[in-house]
file target30.pdb (PDB, C-alpha atoms)
MODEL        1
ATOM      1  CA  MET A   1      70.379  34.758 132.071
ATOM      2  CA  SER A   2      72.600  37.493 133.399
ATOM      3  CA  THR A   3      75.388  38.861 131.271
ATOM      4  CA  PHE A   4      77.850  38.156 134.096
ATOM      5  CA  ILE A   5      77.117  34.420 134.099
ATOM      6  CA  GLN A   6      77.329  34.331 130.295
ATOM      7  CA  LYS A   7      80.727  36.041 130.399
ATOM      8  CA  ILE A   8      82.271  33.702 132.947
ATOM      9  CA  THR A   9      80.866  30.566 131.309
ATOM     10  CA  GLN A  10      81.697  31.473 127.691
ATOM     11  CA  THR A  11      84.229  29.113 126.152
ATOM     12  CA  THR A  12      86.362  29.364 123.040
ATOM     13  CA  SER A  13      88.505  26.268 123.382
ATOM     14  CA  GLY A  14      86.426  23.612 121.613
ATOM     15  CA  LEU A  15      87.579  20.115 122.435
ATOM     16  CA  ALA A  16      91.002  21.207 123.746
ATOM     17  CA  GLY A  17      89.596  22.626 126.995
ATOM     18  CA  THR A  18      87.648  19.449 127.622
ATOM     19  CA  VAL A  19      90.692  17.235 127.011
ATOM     20  CA  LEU A  20      92.825  19.400 129.293
ATOM     21  CA  ARG A  21      90.450  19.841 132.226
ATOM     22  CA  ILE A  22      89.142  16.292 132.777
ATOM     23  CA  PRO A  23      92.399  14.529 133.762
ATOM     24  CA  VAL A  24      93.657  17.586 135.643
ATOM     25  CA  GLY A  25      90.331  17.787 137.498
ATOM     26  CA  LEU A  26      90.663  14.141 138.558
ATOM     27  CA  ILE A  27      94.254  14.669 139.702
ATOM     28  CA  LEU A  28      93.301  17.752 141.710
ATOM     29  CA  MET A  29      90.381  15.909 143.313
ATOM     30  CA  ALA A  30      92.720  13.090 144.368
ATOM     31  CA  HIS A  31      95.188  15.529 145.951
ATOM     32  CA  GLY A  32      92.379  17.419 147.670
ATOM     33  CA  SER A  33      91.036  14.099 148.989
ATOM     34  CA  GLN A  34      94.403  13.442 150.594
ATOM     35  CA  LYS A  35      94.271  16.733 152.460
ATOM     36  CA  LEU A  36      90.576  16.789 153.346
ATOM     37  CA  PHE A  37      89.721  13.134 153.937
ATOM     38  CA  GLY A  38      93.029  11.303 154.393
ATOM     39  CA  MET A  39      92.370   9.255 151.261
ATOM     40  CA  PHE A  40      95.052   7.828 148.938
ATOM     41  CA  GLY A  41      97.696   7.850 151.668
ATOM     42  CA  GLY A  42      97.024  11.436 152.725
ATOM     43  CA  TYR A  43      97.090  12.786 156.273
ATOM     44  CA  GLY A  44      93.654  14.392 156.385
ATOM     45  CA  LEU A  45      92.967  17.848 157.740
ATOM     46  CA  GLU A  46      94.612  17.301 161.105
ATOM     47  CA  GLY A  47      97.897  15.925 159.785
ATOM     48  CA  THR A  48      98.067  18.268 156.814
ATOM     49  CA  GLY A  49      97.246  21.191 159.097
ATOM     50  CA  GLN A  50     100.080  20.266 161.474
ATOM     51  CA  TRP A  51     102.508  20.086 158.564
ATOM     52  CA  MET A  52     101.328  23.427 157.152
ATOM     53  CA  ALA A  53     101.755  25.074 160.545
ATOM     54  CA  SER A  54     105.263  23.592 160.788
ATOM     55  CA  ILE A  55     106.286  25.387 157.578
ATOM     56  CA  GLY A  56     104.734  28.677 158.708
ATOM     57  CA  LEU A  57     101.325  28.532 157.018
ATOM     58  CA  ASN A  58      99.179  29.417 160.021
ATOM     59  CA  PRO A  59      96.634  28.554 161.201
ATOM     60  CA  GLY A  60      97.583  25.172 159.780
ATOM     61  CA  TYR A  61      94.163  23.547 160.018
ATOM     62  CA  LEU A  62      92.514  26.433 158.149
ATOM     63  CA  MET A  63      95.249  26.438 155.501
ATOM     64  CA  ALA A  64      94.778  22.680 155.033
ATOM     65  CA  LEU A  65      91.028  23.178 154.721
ATOM     66  CA  LEU A  66      91.466  25.974 152.171
ATOM     67  CA  SER A  67      94.079  24.222 150.039
ATOM     68  CA  GLY A  68      92.299  20.865 150.208
ATOM     69  CA  SER A  69      88.983  22.476 149.295
ATOM     70  CA  SER A  70      90.584  24.391 146.441
ATOM     71  CA  GLU A  71      92.031  21.195 145.028
ATOM     72  CA  PHE A  72      89.029  18.932 145.637
ATOM     73  CA  PHE A  73      86.187  21.283 144.705
ATOM     74  CA  GLY A  74      88.240  23.095 142.063
ATOM     75  CA  GLY A  75      89.046  19.699 140.563
ATOM     76  CA  LEU A  76      85.377  18.731 140.668
ATOM     77  CA  ALA A  77      84.481  21.959 138.848
ATOM     78  CA  LEU A  78      87.137  21.216 136.225
ATOM     79  CA  LEU A  79      85.861  17.672 135.817
ATOM     80  CA  LEU A  80      82.300  18.899 135.242
ATOM     81  CA  GLY A  81      83.267  21.980 133.294
ATOM     82  CA  LEU A  82      81.311  24.151 135.731
ATOM     83  CA  LEU A  83      82.346  27.759 136.406
ATOM     84  CA  ILE A  84      85.793  27.013 135.042
ATOM     85  CA  ARG A  85      87.124  30.548 135.168
ATOM     86  CA  PRO A  86      86.536  31.147 138.906
ATOM     87  CA  ALA A  87      87.529  27.578 139.779
ATOM     88  CA  SER A  88      90.731  27.908 137.745
ATOM     89  CA  ALA A  89      91.556  31.205 139.433
ATOM     90  CA  VAL A  90      91.305  29.560 142.862
ATOM     91  CA  VAL A  91      93.428  26.601 141.727
ATOM     92  CA  ALA A  92      96.028  28.942 140.183
ATOM     93  CA  PHE A  93      96.283  30.942 143.419
ATOM     94  CA  THR A  94      96.648  27.734 145.449
ATOM     95  CA  MET A  95      99.452  26.549 143.161
ATOM     96  CA  LEU A  96     101.254  29.897 143.483
ATOM     97  CA  VAL A  97     101.151  29.558 147.264
ATOM     98  CA  ALA A  98     102.437  25.972 147.009
ATOM     99  CA  ILE A  99     105.255  26.977 144.677
ATOM    100  CA  PHE A 100     106.505  29.872 146.789
ATOM    101  CA  SER A 101     105.905  28.441 150.265
ATOM    102  CA  VAL A 102     107.020  24.845 149.722
ATOM    103  CA  HIS A 103     108.755  24.042 146.450
ATOM    104  CA  ILE A 104     110.738  26.995 145.059
ATOM    105  CA  SER A 105     113.820  26.435 147.234
ATOM    106  CA  ASN A 106     114.062  22.834 145.980
ATOM    107  CA  GLY A 107     114.510  23.743 142.331
ATOM    108  CA  LEU A 108     112.444  22.626 139.375
ATOM    109  CA  PHE A 109     112.341  18.848 139.541
ATOM    110  CA  MET A 110     109.777  16.790 141.451
ATOM    111  CA  ALA A 111     112.439  14.269 142.432
ATOM    112  CA  ASN A 112     113.777  16.948 144.807
ATOM    113  CA  ASN A 113     110.288  18.166 145.848
ATOM    114  CA  GLY A 114     110.664  20.959 143.308
ATOM    115  CA  TYR A 115     107.976  23.090 141.722
ATOM    116  CA  GLU A 116     107.495  21.450 138.289
ATOM    117  CA  TYR A 117     104.213  19.713 139.204
ATOM    118  CA  ALA A 118     102.655  22.777 140.853
ATOM    119  CA  LEU A 119     103.874  24.931 137.948
ATOM    120  CA  THR A 120     102.223  22.567 135.465
ATOM    121  CA  LEU A 121      98.911  22.781 137.340
ATOM    122  CA  LEU A 122      99.265  26.569 137.529
ATOM    123  CA  VAL A 123      99.777  26.799 133.754
ATOM    124  CA  VAL A 124      96.775  24.537 133.067
ATOM    125  CA  ALA A 125      94.607  26.634 135.393
ATOM    126  CA  VAL A 126      95.684  29.883 133.725
ATOM    127  CA  SER A 127      95.047  28.376 130.287
ATOM    128  CA  LEU A 128      91.532  27.356 131.302
ATOM    129  CA  MET A 129      90.882  30.811 132.778
ATOM    130  CA  ILE A 130      91.679  32.270 129.366
ATOM    131  CA  SER A 131      89.946  29.750 127.112
ATOM    132  CA  GLY A 132      87.073  28.419 129.193
ATOM    133  CA  ALA A 133      85.826  24.891 129.734
ATOM    134  CA  GLY A 134      85.535  23.570 126.197
ATOM    135  CA  SER A 135      82.786  22.162 124.062
ATOM    136  CA  TYR A 136      81.634  19.362 126.387
ATOM    137  CA  SER A 137      80.958  21.215 129.618
ATOM    138  CA  VAL A 138      78.260  22.574 131.863
ATOM    139  CA  ASP A 139      79.629  26.053 131.111
ATOM    140  CA  LYS A 140      78.939  25.552 127.400
ATOM    141  CA  ILE A 141      75.321  24.726 128.204
ATOM    142  CA  LEU A 142      74.990  27.675 130.606
ATOM    143  CA  SER A 143      76.524  30.169 128.186
ATOM    144  CA  LYS A 144      73.834  29.386 125.595
ATOM    145  CA  GLN A 145      70.916  30.147 127.938
TER
ENDMDL
END
call {"tool": "encode", "arguments": {"input": "target30.pdb", "output": "structure tokens"}}
result
Amino acid sequence: MSTFIQKITQTTSGLAGTVLRIPVGLILMAHGSQKLFGMFGGYGLEGTGQWMASIGLNPGYLMALLSGSSEFFGGLALLLGLLIRPASAVVAFTMLVAIFSVHISNGLFMANNGYEYALTLLVVAVSLMISGAGSYSVDKILSKQ
């Protein structure tokens, strides 16, 4: 196996990475499903794209596709423990965009549409970029090859 793949799949977090990434992966997949597929009360690509365009994230449809894909497929990668470092980097970037384009002006608290939720996901993503996927993950299997 290439050294590059071994480096990005190496994990040092033991069980902690596994415990952290599974529920966060499920939550991200649910939010991505809202944007991409209109599931769980979401607006799908068309509605989410119109909203994103209305707040200046243009082209709205593409931004909805990118953010929804980041959340859904990034969440799936977290759930499986597959390529955690690149997936976490994409999720972290998406959360930074969400914080600074939508939530920062509303303060910290979610009750006011603030940034605390996106900040929490950002911190989890950065933590997983540093530590890796954990002991029960596809990355752990790949890093041993």
call {"tool": "residues_around", "arguments": {"input": "target30.pdb", "residues": "A:Ile27", "least_positions_apart": "6", "cutoff": "10 Å", "atoms": "all atoms listed in the file", "output": "CSV table (one decimal) with C-alpha atoms, keeping the file's coordinate frame"}}
result
chain,number,residue,atom,x,y,z
A,21,ARG,CA,90.4,19.8,132.2
A,33,SER,CA,91.0,14.1,149.0
A,71,GLU,CA,92.0,21.2,145.0
A,72,PHE,CA,89.0,18.9,145.6
A,75,GLY,CA,89.0,19.7,140.6
A,76,LEU,CA,85.4,18.7,140.7
A,79,LEU,CA,85.9,17.7,135.8
A,121,LEU,CA,98.9,22.8,137.3
call {"tool": "resolve_selection", "arguments": {"input": "target30.pdb", "expression": "the PyMOL selection byres ((chain A and resi 84) around 10)", "output": "PyMOL selection string"}}
result
chain A and resi 8-11+17+21+74-75+77-83+85-90+125+128-134+137-139
call {"tool": "closest_residue", "arguments": {"input": "target30.pdb", "among": "A:Ile141, A:Leu28, A:Leu62, A:Leu108", "to": "A:Val91", "atoms": "all atoms listed in the file"}}
result
A:Leu28
call {"tool": "atom_distance", "arguments": {"input": "target30.pdb", "atom1": "atom CA of A:Ala30", "atom2": "atom CA of A:Ile5"}}
result
28.4 Å
call {"tool": "atom_distance", "arguments": {"input": "target30.pdb", "atom1": "atom CA of A:Tyr136", "atom2": "atom CA of A:Phe37"}}
result
29.4 Å
call {"tool": "closest_residue", "arguments": {"input": "target30.pdb", "among": "A:Ser101, A:Thr94, A:Ser135, A:Ser2", "to": "A:Leu122", "atoms": "only C-alpha atoms"}}
result
A:Thr94
call {"tool": "atom_distance", "arguments": {"input": "target30.pdb", "atom1": "atom CA of A:Val102", "atom2": "atom CA of A:Leu45"}}
result
17.6 Å
call {"tool": "resolve_selection", "arguments": {"input": "target30.pdb", "expression": "the PyMOL selection byres ((chain A and resi 103) around 9)", "output": "list in words"}}
result
Ala98, Ile99, Phe100, Ser101, Val102, Ile104, Ser105, Asn106, Gly107, Leu108, Met110, Asn112, Asn113, Gly114, Tyr115, Glu116 and Ala118 of chain A
call {"tool": "write_last_selection", "arguments": {"input": "target30.pdb", "atoms": "C-alpha atoms", "output": "PDB file, in the frame of the given file"}}
result
ATOM      1  CA  ALA A  98     102.437  25.972 147.009  1.00  0.00           C
ATOM      2  CA  ILE A  99     105.255  26.977 144.677  1.00  0.00           C
ATOM      3  CA  PHE A 100     106.505  29.872 146.789  1.00  0.00           C
ATOM      4  CA  SER A 101     105.905  28.441 150.265  1.00  0.00           C
ATOM      5  CA  VAL A 102     107.020  24.845 149.722  1.00  0.00           C
ATOM      6  CA  ILE A 104     110.738  26.995 145.059  1.00  0.00           C
ATOM      7  CA  SER A 105     113.820  26.435 147.234  1.00  0.00           C
ATOM      8  CA  ASN A 106     114.062  22.834 145.980  1.00  0.00           C
ATOM      9  CA  GLY A 107     114.510  23.743 142.331  1.00  0.00           C
ATOM     10  CA  LEU A 108     112.444  22.626 139.375  1.00  0.00           C
ATOM     11  CA  MET A 110     109.777  16.790 141.451  1.00  0.00           C
ATOM     12  CA  ASN A 112     113.777  16.948 144.807  1.00  0.00           C
ATOM     13  CA  ASN A 113     110.288  18.166 145.848  1.00  0.00           C
ATOM     14  CA  GLY A 114     110.664  20.959 143.308  1.00  0.00           C
ATOM     15  CA  TYR A 115     107.976  23.090 141.722  1.00  0.00           C
ATOM     16  CA  GLU A 116     107.495  21.450 138.289  1.00  0.00           C
ATOM     17  CA  ALA A 118     102.655  22.777 140.853  1.00  0.00           C
TER      18      ALA A 118
END
